[in-house]
file model36.pdb (PDB, C-alpha atoms and all ligand atoms)
ATOM      1  CA  MET A   1       0.000   0.000   0.000
ATOM      2  CA  ALA A   2       1.262   3.472  -0.807
ATOM      3  CA  LEU A   3       1.547   6.500   1.412
ATOM      4  CA  ASN A   4      -1.769   8.203   2.072
ATOM      5  CA  ARG A   5      -0.829  11.871   1.798
ATOM      6  CA  GLU A   6      -4.248  13.204   2.737
ATOM      7  CA  TRP A   7      -4.367  11.128   5.886
ATOM      8  CA  HIS A   8      -0.901  12.197   6.982
ATOM      9  CA  ARG A   9      -1.740  15.825   6.374
ATOM     10  CA  TYR A  10      -4.529  15.653   8.941
ATOM     11  CA  HIS A  11      -2.936  13.191  11.347
ATOM     12  CA  ARG A  12       0.352  14.573  12.549
ATOM     13  CA  MET A  13       2.098  12.764  15.343
ATOM     14  CA  PRO A  14       2.620  15.272  18.173
ATOM     15  CA  PRO A  15       6.330  15.964  18.862
ATOM     16  CA  LYS A  16       5.927  14.839  22.469
ATOM     17  CA  ALA A  17       3.304  12.176  21.928
ATOM     18  CA  THR A  18       2.503   9.975  24.892
ATOM     19  CA  ARG A  19       2.559   6.203  24.505
ATOM     20  CA  GLU A  20      -1.248   6.254  24.478
ATOM     21  CA  GLN A  21      -1.259   8.822  21.660
ATOM     22  CA  ARG A  22       1.240   6.816  19.649
ATOM     23  CA  ILE A  23      -0.832   3.634  20.029
ATOM     24  CA  LYS A  24      -3.977   5.401  18.850
ATOM     25  CA  TRP A  25      -2.082   7.064  16.014
ATOM     26  CA  HIS A  26      -0.768   3.748  14.810
ATOM     27  CA  ALA A  27      -4.194   2.130  15.112
ATOM     28  CA  ALA A  28      -5.669   4.794  12.836
ATOM     29  CA  HIS A  29      -2.622   4.789  10.603
ATOM     30  CA  ALA A  30      -2.634   1.051  10.008
ATOM     31  CA  ALA A  31      -6.242   1.281   8.826
ATOM     32  CA  ALA A  32      -5.689   4.259   6.527
ATOM     33  CA  CYS A  33      -2.140   3.961   5.230
ATOM     34  CA  GLY A  34       0.580   1.377   4.723
ATOM     35  CA  CYS A  35       3.688   3.510   4.374
ATOM     36  CA  ARG A  36       5.282   1.918   7.429
ATOM     37  CA  ALA A  37       4.732  -0.992   9.758
ATOM     38  CA  VAL A  38       3.700  -0.692  13.379
ATOM     39  CA  PRO A  39       6.841  -0.638  15.589
ATOM     40  CA  GLU A  40       7.517  -3.779  17.594
ATOM     41  CA  SER A  41       7.325  -1.757  20.815
ATOM     42  CA  ILE A  42       3.803  -0.561  19.991
ATOM     43  CA  ARG A  43       2.334  -3.715  18.471
ATOM     44  CA  PRO A  44       1.321  -5.597  21.676
ATOM     45  CA  ASP A  45      -0.535  -2.548  23.009
ATOM     46  CA  LEU A  46      -2.124  -1.936  19.627
ATOM     47  CA  GLU A  47      -3.465  -5.483  19.476
ATOM     48  CA  ARG A  48      -4.835  -5.138  22.991
ATOM     49  CA  LEU A  49      -6.617  -1.925  21.981
ATOM     50  CA  LEU A  50      -8.160  -3.570  18.913
ATOM     51  CA  LYS A  51      -9.331  -6.631  20.861
ATOM     52  CA  ARG A  52     -10.864  -4.603  23.665
ATOM     53  CA  PRO A  53     -14.667  -4.915  23.549
ATOM     54  CA  ARG A  54     -16.380  -1.624  22.823
ATOM     55  CA  LYS A  55     -19.104  -0.339  25.110
ATOM     56  CA  ARG A  56     -21.633   2.228  24.008
TER
HETATM   57 ZN    ZN B 101       1.509   6.401   6.506
END
call {"tool": "encode", "arguments": {"input": "model36.pdb", "output": "structure tokens", "more": "lines below"}}
Ligand SMILES: [Zn+2]
result
Amino acid sequence: MALNREWHRYHRMPPKATREQRIKWHAAHAAACGCRAVPESIRPDLERLLKRPRKR
């Protein structure tokens, strides 16, 4: 998958992003763009976020 320029334009990673912010960024990024893989350090937390049941 190629880089999604539009998505990146509106989803900038904050310079001092917290771990939580980075996890959410990568969750959204993985769904919208494939320019880079999720870092190994983030992946376990990302999978946990995606598996977490959603309550309304
Ligand atoms: Zn990307």
call {"tool": "resolve_selection", "arguments": {"input": "model36.pdb", "expression": "the PyMOL selection byres (((chain A and resi 5-16) around 10) and not hetatm)", "output": "number ranges by chain"}}
result
A: 2-4, 17-19, 21-22, 25-26, 28-29, 32-33, 35
call {"tool": "write_last_selection", "arguments": {"input": "model36.pdb", "atoms": "C-alpha atoms", "output": "JSON list (two decimals), in the frame of the given file"}}
result
[["chain", "number", "residue", "atom", "x", "y", "z"],
["A", 2, "ALA", "CA", 1.26, 3.47, -0.81],
["A", 3, "LEU", "CA", 1.55, 6.50, 1.41],
["A", 4, "ASN", "CA", -1.77, 8.20, 2.07],
["A", 17, "ALA", "CA", 3.30, 12.18, 21.93],
["A", 18, "THR", "CA", 2.50, 9.98, 24.89],
["A", 19, "ARG", "CA", 2.56, 6.20, 24.50],
["A", 21, "GLN", "CA", -1.26, 8.82, 21.66],
["A", 22, "ARG", "CA", 1.24, 6.82, 19.65],
["A", 25, "TRP", "CA", -2.08, 7.06, 16.01],
["A", 26, "HIS", "CA", -0.77, 3.75, 14.81],
["A", 28, "ALA", "CA", -5.67, 4.79, 12.84],
["A", 29, "HIS", "CA", -2.62, 4.79, 10.60],
["A", 32, "ALA", "CA", -5.69, 4.26, 6.53],
["A", 33, "CYS", "CA", -2.14, 3.96, 5.23],
["A", 35, "CYS", "CA", 3.69, 3.51, 4.37]]
call {"tool": "atom_distance", "arguments": {"input": "model36.pdb", "atom1": "atom CA of Arg54 of chain A", "atom2": "atom CA of Ile42 of chain A"}}
result
20.4 Å
call {"tool": "closest_residue", "arguments": {"input": "model36.pdb", "among": "A:Lys55, A:Arg43, A:Lys24, A:Arg36", "to": "ligand ZN 101 (chain B)", "atoms": "all atoms listed in the file"}}
result
A:Arg36
call {"tool": "atom_distance", "arguments": {"input": "model36.pdb", "atom1": "atom CA of Gly34 of chain A", "atom2": "atom ZN of ligand ZN 101 (chain B)"}}
result
5.4 Å
call {"tool": "closest_residue", "arguments": {"input": "model36.pdb", "among": "A:Glu20, A:Ala31, A:Lys51, A:Pro44", "to": "ligand ZN 101 (chain B)", "atoms": "all atoms listed in the file"}}
result
A:Ala31
